[in-house]
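Note: the block below is query12.cif and it holds mmCIF, C-alpha atoms, pLDDT in the B column; chains and numbers go by the auth columns.
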```cif
data_structure
loop_
_atom_site.group_PDB
_atom_site.id
_atom_site.type_symbol
_atom_site.label_atom_id
_atom_site.label_comp_id
_atom_site.label_asym_id
_atom_site.label_seq_id
_atom_site.Cartn_x
_atom_site.Cartn_y
_atom_site.Cartn_z
_atom_site.B_iso_or_equiv
_atom_site.auth_seq_id
_atom_site.auth_asym_id
ATOM 1 C CA MET A 1 -4.270 -28.230 -8.626 49.00 122 A
ATOM 2 C CA ALA A 2 -1.553 -30.413 -10.020 47.00 123 A
ATOM 3 C CA GLU A 3 -1.047 -33.458 -12.151 47.00 124 A
ATOM 4 C CA SER A 4 -1.443 -36.719 -10.255 48.00 125 A
ATOM 5 C CA SER A 5 2.287 -37.535 -10.359 50.00 126 A
ATOM 6 C CA ARG A 6 3.316 -34.196 -8.875 59.00 127 A
ATOM 7 C CA MET A 7 2.935 -32.663 -5.449 81.00 128 A
ATOM 8 C CA LEU A 8 0.014 -30.345 -4.761 87.00 129 A
ATOM 9 C CA GLN A 9 1.031 -26.843 -5.868 95.00 130 A
ATOM 10 C CA ALA A 10 -2.104 -24.795 -5.197 96.00 131 A
ATOM 11 C CA ARG A 11 -5.585 -24.979 -3.769 96.00 132 A
ATOM 12 C CA ALA A 12 -8.563 -22.882 -4.805 97.00 133 A
ATOM 13 C CA LEU A 13 -12.061 -22.602 -3.464 96.00 134 A
ATOM 14 C CA LEU A 14 -14.902 -21.179 -5.543 97.00 135 A
ATOM 15 C CA GLN A 15 -17.929 -19.384 -4.153 96.00 136 A
ATOM 16 C CA GLN A 16 -20.808 -17.928 -6.147 94.00 137 A
ATOM 17 C CA CYS A 17 -22.022 -14.532 -5.032 94.00 138 A
ATOM 18 C CA LEU A 18 -24.749 -12.023 -5.757 94.00 139 A
ATOM 19 C CA HIS A 19 -22.660 -9.296 -4.148 95.00 140 A
ATOM 20 C CA ALA A 20 -19.301 -9.376 -2.382 94.00 141 A
ATOM 21 C CA ARG A 21 -17.386 -6.588 -0.708 92.00 142 A
ATOM 22 C CA LEU A 22 -13.797 -7.005 0.490 91.00 143 A
ATOM 23 C CA GLN A 23 -11.859 -4.634 2.726 88.00 144 A
ATOM 24 C CA ILE A 24 -8.386 -4.263 1.219 88.00 145 A
ATOM 25 C CA ARG A 25 -7.080 -1.607 3.599 86.00 146 A
ATOM 26 C CA PRO A 26 -8.294 -0.844 7.133 84.00 147 A
ATOM 27 C CA ALA A 27 -9.135 2.657 8.292 86.00 148 A
ATOM 28 C CA GLU A 28 -6.140 4.531 9.684 90.00 149 A
ATOM 29 C CA GLY A 29 -6.497 7.831 11.492 92.00 150 A
ATOM 30 C CA ASP A 30 -8.536 10.122 9.243 94.00 151 A
ATOM 31 C CA THR A 31 -8.272 7.788 6.265 93.00 152 A
ATOM 32 C CA ALA A 32 -11.338 5.642 5.589 93.00 153 A
ATOM 33 C CA ALA A 33 -11.050 1.932 4.954 88.00 154 A
ATOM 34 C CA GLN A 34 -10.688 0.889 1.296 90.00 155 A
ATOM 35 C CA TRP A 35 -12.961 -1.717 -0.248 91.00 156 A
ATOM 36 C CA VAL A 36 -13.395 -3.524 -3.544 93.00 157 A
ATOM 37 C CA GLU A 37 -16.709 -5.047 -4.497 94.00 158 A
ATOM 38 C CA VAL A 38 -18.360 -7.059 -7.203 96.00 159 A
ATOM 39 C CA GLN A 39 -21.934 -7.786 -8.107 95.00 160 A
ATOM 40 C CA ARG A 40 -23.119 -11.211 -9.266 95.00 161 A
ATOM 41 C CA GLY A 41 -20.197 -13.453 -9.993 96.00 162 A
ATOM 42 C CA LEU A 42 -17.525 -15.653 -8.523 96.00 163 A
ATOM 43 C CA VAL A 43 -15.210 -15.371 -5.528 97.00 164 A
ATOM 44 C CA ILE A 44 -11.954 -17.295 -5.962 97.00 165 A
ATOM 45 C CA TYR A 45 -9.948 -17.994 -2.814 96.00 166 A
ATOM 46 C CA VAL A 46 -6.440 -19.153 -3.732 97.00 167 A
ATOM 47 C CA CYS A 47 -3.377 -20.469 -1.910 96.00 168 A
ATOM 48 C CA PHE A 48 -0.026 -21.562 -3.342 96.00 169 A
ATOM 49 C CA PHE A 49 2.194 -24.247 -1.828 95.00 170 A
ATOM 50 C CA LYS A 50 5.972 -24.660 -1.626 94.00 171 A
ATOM 51 C CA GLY A 51 7.321 -25.832 -4.975 93.00 172 A
ATOM 52 C CA ALA A 52 4.549 -24.190 -6.994 95.00 173 A
ATOM 53 C CA ASP A 53 5.711 -22.686 -10.261 95.00 174 A
ATOM 54 C CA LYS A 54 4.204 -20.329 -12.797 96.00 175 A
ATOM 55 C CA GLU A 55 3.711 -23.162 -15.319 96.00 176 A
ATOM 56 C CA ILE A 56 0.577 -24.265 -13.407 96.00 177 A
ATOM 57 C CA LEU A 57 -1.088 -20.851 -13.698 97.00 178 A
ATOM 58 C CA PRO A 58 -2.534 -20.969 -17.253 98.00 179 A
ATOM 59 C CA LYS A 59 -4.194 -24.360 -16.676 97.00 180 A
ATOM 60 C CA MET A 60 -5.385 -23.287 -13.245 97.00 181 A
ATOM 61 C CA VAL A 61 -6.951 -20.066 -14.547 98.00 182 A
ATOM 62 C CA ASN A 62 -8.519 -21.894 -17.501 97.00 183 A
ATOM 63 C CA THR A 63 -10.019 -24.543 -15.217 97.00 184 A
ATOM 64 C CA LEU A 64 -11.384 -22.102 -12.639 98.00 185 A
ATOM 65 C CA LEU A 65 -12.879 -19.654 -15.138 98.00 186 A
ATOM 66 C CA ASN A 66 -14.463 -22.383 -17.253 97.00 187 A
ATOM 67 C CA VAL A 67 -15.980 -24.625 -14.572 97.00 188 A
ATOM 68 C CA LYS A 68 -19.764 -24.723 -15.054 96.00 189 A
ATOM 69 C CA LEU A 69 -20.797 -23.529 -11.608 95.00 190 A
ATOM 70 C CA SER A 70 -23.013 -20.514 -12.260 92.00 191 A
ATOM 71 C CA GLU A 71 -26.707 -21.006 -12.874 88.00 192 A
ATOM 72 C CA THR A 72 -28.599 -19.000 -15.506 87.00 193 A
ATOM 73 C CA GLU A 73 -32.235 -17.922 -15.201 87.00 194 A
ATOM 74 C CA ASN A 74 -33.347 -21.091 -17.033 92.00 195 A
ATOM 75 C CA GLY A 75 -31.403 -23.364 -14.652 90.00 196 A
ATOM 76 C CA LYS A 76 -28.533 -24.197 -17.002 94.00 197 A
ATOM 77 C CA HIS A 77 -25.044 -24.278 -15.461 95.00 198 A
ATOM 78 C CA VAL A 78 -22.431 -22.171 -17.261 97.00 199 A
ATOM 79 C CA SER A 79 -18.942 -20.854 -16.592 97.00 200 A
ATOM 80 C CA ILE A 80 -18.387 -17.399 -15.142 97.00 201 A
ATOM 81 C CA LEU A 81 -17.125 -16.359 -18.584 97.00 202 A
ATOM 82 C CA ASP A 82 -20.333 -17.530 -20.257 96.00 203 A
ATOM 83 C CA LEU A 83 -22.641 -16.045 -17.602 95.00 204 A
ATOM 84 C CA PRO A 84 -20.868 -13.449 -17.754 96.00 205 A
ATOM 85 C CA GLY A 85 -20.133 -12.478 -14.151 96.00 206 A
ATOM 86 C CA ASN A 86 -17.670 -10.519 -12.077 97.00 207 A
ATOM 87 C CA ILE A 87 -14.702 -12.081 -10.296 98.00 208 A
ATOM 88 C CA LEU A 88 -13.221 -11.345 -6.877 97.00 209 A
ATOM 89 C CA ILE A 89 -9.874 -13.027 -6.132 97.00 210 A
ATOM 90 C CA ILE A 90 -8.779 -13.409 -2.526 95.00 211 A
ATOM 91 C CA PRO A 91 -5.409 -14.792 -1.386 94.00 212 A
ATOM 92 C CA GLN A 92 -6.242 -17.250 1.375 92.00 213 A
ATOM 93 C CA ALA A 93 -3.336 -18.779 3.292 87.00 214 A
ATOM 94 C CA THR A 94 -5.696 -20.806 5.476 87.00 215 A
ATOM 95 C CA LEU A 95 -6.413 -23.077 2.489 90.00 216 A
ATOM 96 C CA GLY A 96 -2.899 -24.426 3.007 87.00 217 A
ATOM 97 C CA GLY A 97 -3.179 -25.048 6.712 85.00 218 A
ATOM 98 C CA ARG A 98 -3.035 -28.400 8.431 89.00 219 A
ATOM 99 C CA LEU A 99 -4.464 -29.117 11.838 89.00 220 A
ATOM 100 C CA LYS A 100 -1.915 -30.345 14.391 91.00 221 A
ATOM 101 C CA GLY A 101 -3.587 -30.900 17.701 93.00 222 A
ATOM 102 C CA ARG A 102 -5.696 -27.801 18.128 92.00 223 A
ATOM 103 C CA ASN A 103 -3.371 -25.530 16.189 91.00 224 A
ATOM 104 C CA MET A 104 -3.184 -24.746 12.491 87.00 225 A
ATOM 105 C CA GLN A 105 0.209 -24.978 10.815 89.00 226 A
ATOM 106 C CA TYR A 106 1.129 -23.507 7.438 87.00 227 A
ATOM 107 C CA HIS A 107 4.492 -25.154 6.758 89.00 228 A
ATOM 108 C CA SER A 108 3.492 -26.274 3.254 91.00 229 A
ATOM 109 C CA ASN A 109 2.477 -22.794 2.045 91.00 230 A
ATOM 110 C CA SER A 110 4.792 -21.007 -0.373 92.00 231 A
ATOM 111 C CA GLY A 111 7.126 -18.347 0.965 91.00 232 A
ATOM 112 C CA LYS A 112 5.869 -14.777 1.031 92.00 233 A
ATOM 113 C CA GLU A 113 7.829 -13.586 -2.017 93.00 234 A
ATOM 114 C CA GLU A 114 7.081 -16.678 -4.123 95.00 235 A
ATOM 115 C CA GLY A 115 3.417 -16.576 -3.127 93.00 236 A
ATOM 116 C CA LEU A 116 3.139 -12.892 -3.988 95.00 237 A
ATOM 117 C CA GLU A 117 4.672 -13.472 -7.428 97.00 238 A
ATOM 118 C CA LEU A 118 2.366 -16.413 -8.197 97.00 239 A
ATOM 119 C CA TYR A 119 -0.679 -14.544 -6.900 97.00 240 A
ATOM 120 C CA SER A 120 0.143 -11.456 -8.992 97.00 241 A
ATOM 121 C CA GLN A 121 0.563 -13.556 -12.129 98.00 242 A
ATOM 122 C CA PHE A 122 -2.651 -15.455 -11.355 98.00 243 A
ATOM 123 C CA VAL A 123 -4.607 -12.185 -11.069 98.00 244 A
ATOM 124 C CA THR A 124 -3.062 -10.869 -14.312 98.00 245 A
ATOM 125 C CA LEU A 125 -3.967 -14.055 -16.197 98.00 246 A
ATOM 126 C CA CYS A 126 -7.563 -13.875 -14.921 98.00 247 A
ATOM 127 C CA GLU A 127 -7.790 -10.229 -16.034 98.00 248 A
ATOM 128 C CA LYS A 128 -6.447 -11.136 -19.487 98.00 249 A
ATOM 129 C CA GLU A 129 -8.924 -14.011 -19.897 97.00 250 A
ATOM 130 C CA VAL A 130 -11.837 -11.762 -18.978 97.00 251 A
ATOM 131 C CA ALA A 131 -10.620 -8.948 -21.263 97.00 252 A
ATOM 132 C CA ALA A 132 -10.252 -11.390 -24.182 97.00 253 A
ATOM 133 C CA ASN A 133 -13.789 -12.757 -23.735 97.00 254 A
ATOM 134 C CA SER A 134 -16.311 -10.858 -25.881 97.00 255 A
ATOM 135 C CA LYS A 135 -19.286 -11.610 -23.574 96.00 256 A
ATOM 136 C CA CYS A 136 -17.373 -10.279 -20.573 97.00 257 A
ATOM 137 C CA ALA A 137 -16.141 -7.190 -22.410 95.00 258 A
ATOM 138 C CA GLU A 138 -19.662 -6.410 -23.638 96.00 259 A
ATOM 139 C CA ALA A 139 -21.144 -6.872 -20.148 96.00 260 A
ATOM 140 C CA GLY A 140 -18.443 -4.754 -18.437 96.00 261 A
ATOM 141 C CA VAL A 141 -17.255 -7.605 -16.227 97.00 262 A
ATOM 142 C CA VAL A 142 -14.748 -6.593 -13.582 96.00 263 A
ATOM 143 C CA VAL A 143 -11.975 -8.541 -11.879 97.00 264 A
ATOM 144 C CA GLU A 144 -11.180 -7.281 -8.395 97.00 265 A
ATOM 145 C CA HIS A 145 -8.653 -8.716 -5.987 95.00 266 A
ATOM 146 C CA GLY A 146 -7.339 -8.523 -2.482 92.00 267 A
ATOM 147 C CA THR A 147 -3.800 -7.599 -1.495 89.00 268 A
ATOM 148 C CA TYR A 148 -1.464 -10.512 -0.863 89.00 269 A
ATOM 149 C CA GLY A 149 -0.498 -10.821 2.804 79.00 270 A
ATOM 150 C CA ASN A 150 -3.483 -8.911 4.212 75.00 271 A
ATOM 151 C CA SER A 151 -6.097 -10.179 6.618 67.00 272 A
ATOM 152 C CA TYR A 152 -9.577 -9.704 5.179 57.00 273 A
ATOM 153 C CA PHE A 153 -13.128 -8.885 6.044 54.00 274 A
ATOM 154 C CA LEU A 154 -15.577 -10.112 3.430 55.00 275 A
ATOM 155 C CA HIS A 155 -19.088 -8.684 3.529 52.00 276 A
#
```

Would you write out, as structure tokens, the structure that this file holds?
Amino acid sequence: MAESSRMLQARALLQQCLHARLQIRPAEGDTAAQWVEVQRGLVIYVCFFKGADKEILPKMVNTLLNVKLSETENGKHVSILDLPGNILIIPQATLGGRLKGRNMQYHSNSGKEEGLELYSQFVTLCEKEVAANSKCAEAGVVVEHGTYGNSYFLH
């Protein structure tokens, strides 16, 4: 997402879900794996590119949370905020990959520290938007998220 005169700073992919479960920490020894899950809602996969800055985040969050993707019982398309529905945010480095031969390369992705900072701020802004929305607050909408830098198993 970026203005046409600027370089691409982020990519997001939206997926509707009736239920999603994400492993955020694998089992280790006697410790069970940790999971987050949401019921009906939206899964947002997000990747930030080199040169991305925090100024893109408010517009990005506003666009993603207000896109009319979710279908109501009467067939009308509404935003996840108007549905209201839960949100699961997953950092997804593969959205920034480019195929070179038979190998994927991720040279255009943001650095680990910059990506973590942008991802954390993105999650916080999503949480604030949901908390400020009366329909979401009334419905008990939750925003869950994965841990930046992890590999994931989505069920």

query = Residues picked by the PyMOL selection byres ((chain A and resi 191) around 8) here, as an NGL selection string?
reply = :A and (137 or 162 or 189-190 or 192-193 or 198-201 or 204)

One residue among A:Ala214, A:Leu202, A:Thr268, A:Glu149 is nearest to Glu248 in chain A when using all atoms listed in the file, and that residue is A:Leu202

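What the PyMOL selection byres ((chain A and resi 239-244) around 8) picks from this file is Phe169, Asp174, Lys175, Leu178, Val182, Ile210, Pro212, Glu235, Gly236, Leu237, Glu238, Thr245, Leu246, Cys247, Glu248, His266 and Tyr269 of chain A.
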
Return as an mmCIF file with C-alpha atoms, keeping the file's coordinate frame the set of residues that the PyMOL selection byres ((chain A and resi 158) around 10) yields on the displayed structure.
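As a result, out-v4.cif now contains:
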```cif
data_model
loop_
_atom_site.group_PDB
_atom_site.id
_atom_site.type_symbol
_atom_site.label_atom_id
_atom_site.label_comp_id
_atom_site.auth_asym_id
_atom_site.auth_seq_id
_atom_site.Cartn_x
_atom_site.Cartn_y
_atom_site.Cartn_z
ATOM 1 C CA HIS A 140 -22.660 -9.296 -4.148
ATOM 2 C CA ALA A 141 -19.301 -9.376 -2.382
ATOM 3 C CA ARG A 142 -17.386 -6.588 -0.708
ATOM 4 C CA LEU A 143 -13.797 -7.005 0.490
ATOM 5 C CA GLN A 144 -11.859 -4.634 2.726
ATOM 6 C CA TRP A 156 -12.961 -1.717 -0.248
ATOM 7 C CA VAL A 157 -13.395 -3.524 -3.544
ATOM 8 C CA VAL A 159 -18.360 -7.059 -7.203
ATOM 9 C CA GLN A 160 -21.934 -7.786 -8.107
ATOM 10 C CA ASN A 207 -17.670 -10.519 -12.077
ATOM 11 C CA ILE A 208 -14.702 -12.081 -10.296
ATOM 12 C CA LEU A 209 -13.221 -11.345 -6.877
ATOM 13 C CA VAL A 263 -14.748 -6.593 -13.582
ATOM 14 C CA VAL A 264 -11.975 -8.541 -11.879
ATOM 15 C CA GLU A 265 -11.180 -7.281 -8.395
ATOM 16 C CA HIS A 266 -8.653 -8.716 -5.987
ATOM 17 C CA LEU A 275 -15.577 -10.112 3.430
ATOM 18 C CA HIS A 276 -19.088 -8.684 3.529
#
```

CA of Ala133 in chain A sits from CA of Arg161 in chain A at a separation of 19.2 Å

For this session: Can you work out which one of A:Glu250, A:Ile211, A:Cys257, A:Met225 has the shortest atom-to-atom distance to Ile145 in chain A, counting all atoms listed in the file?
Result: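 Answer, going by the shortest atom-to-atom distance: A:Ile211.
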
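Across A:Ala131, A:Gln213, A:Cys138, A:Ser229, the tightest approach to Met181 in chain A is made by A:Ala131 when counting all atoms listed in the file.
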
Write out as JSON an axis-aligned box for range 149-163 of chain A: all of its atoms listed in the file, 6 Å added on each side, centre and edge lengths in Å with one decimal.
```
{"center_x": -14.6, "center_y": -2.8, "center_z": 0.7, "size_x": 29.0, "size_y": 37.8, "size_z": 33.5}
```

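In this structure, CA of His228 in chain A sits 25.2 Å away from CA of Val164 in chain A.
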
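Nearest to Gly218 in chain A of all the residues A:Glu194, A:Cys168, A:Gly232, A:Pro205 is A:Cys168, counting only C-alpha atoms.
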
Across A:Asn254, A:Gly222, A:Met128, A:Leu134, the smallest distance to Val188 in chain A, with all atoms listed in the file counted, is shown by A:Leu134

A straight line from CA of Gln130 in chain A to CA of Phe170 in chain A spans 4.9 Å

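Comparing the minimum interatomic distances between Asn187 in chain A and each of A:Ala148, A:Leu135, A:Gln226, A:Leu216, counting all atoms listed in the file, we find that A:Leu135 sits nearest.
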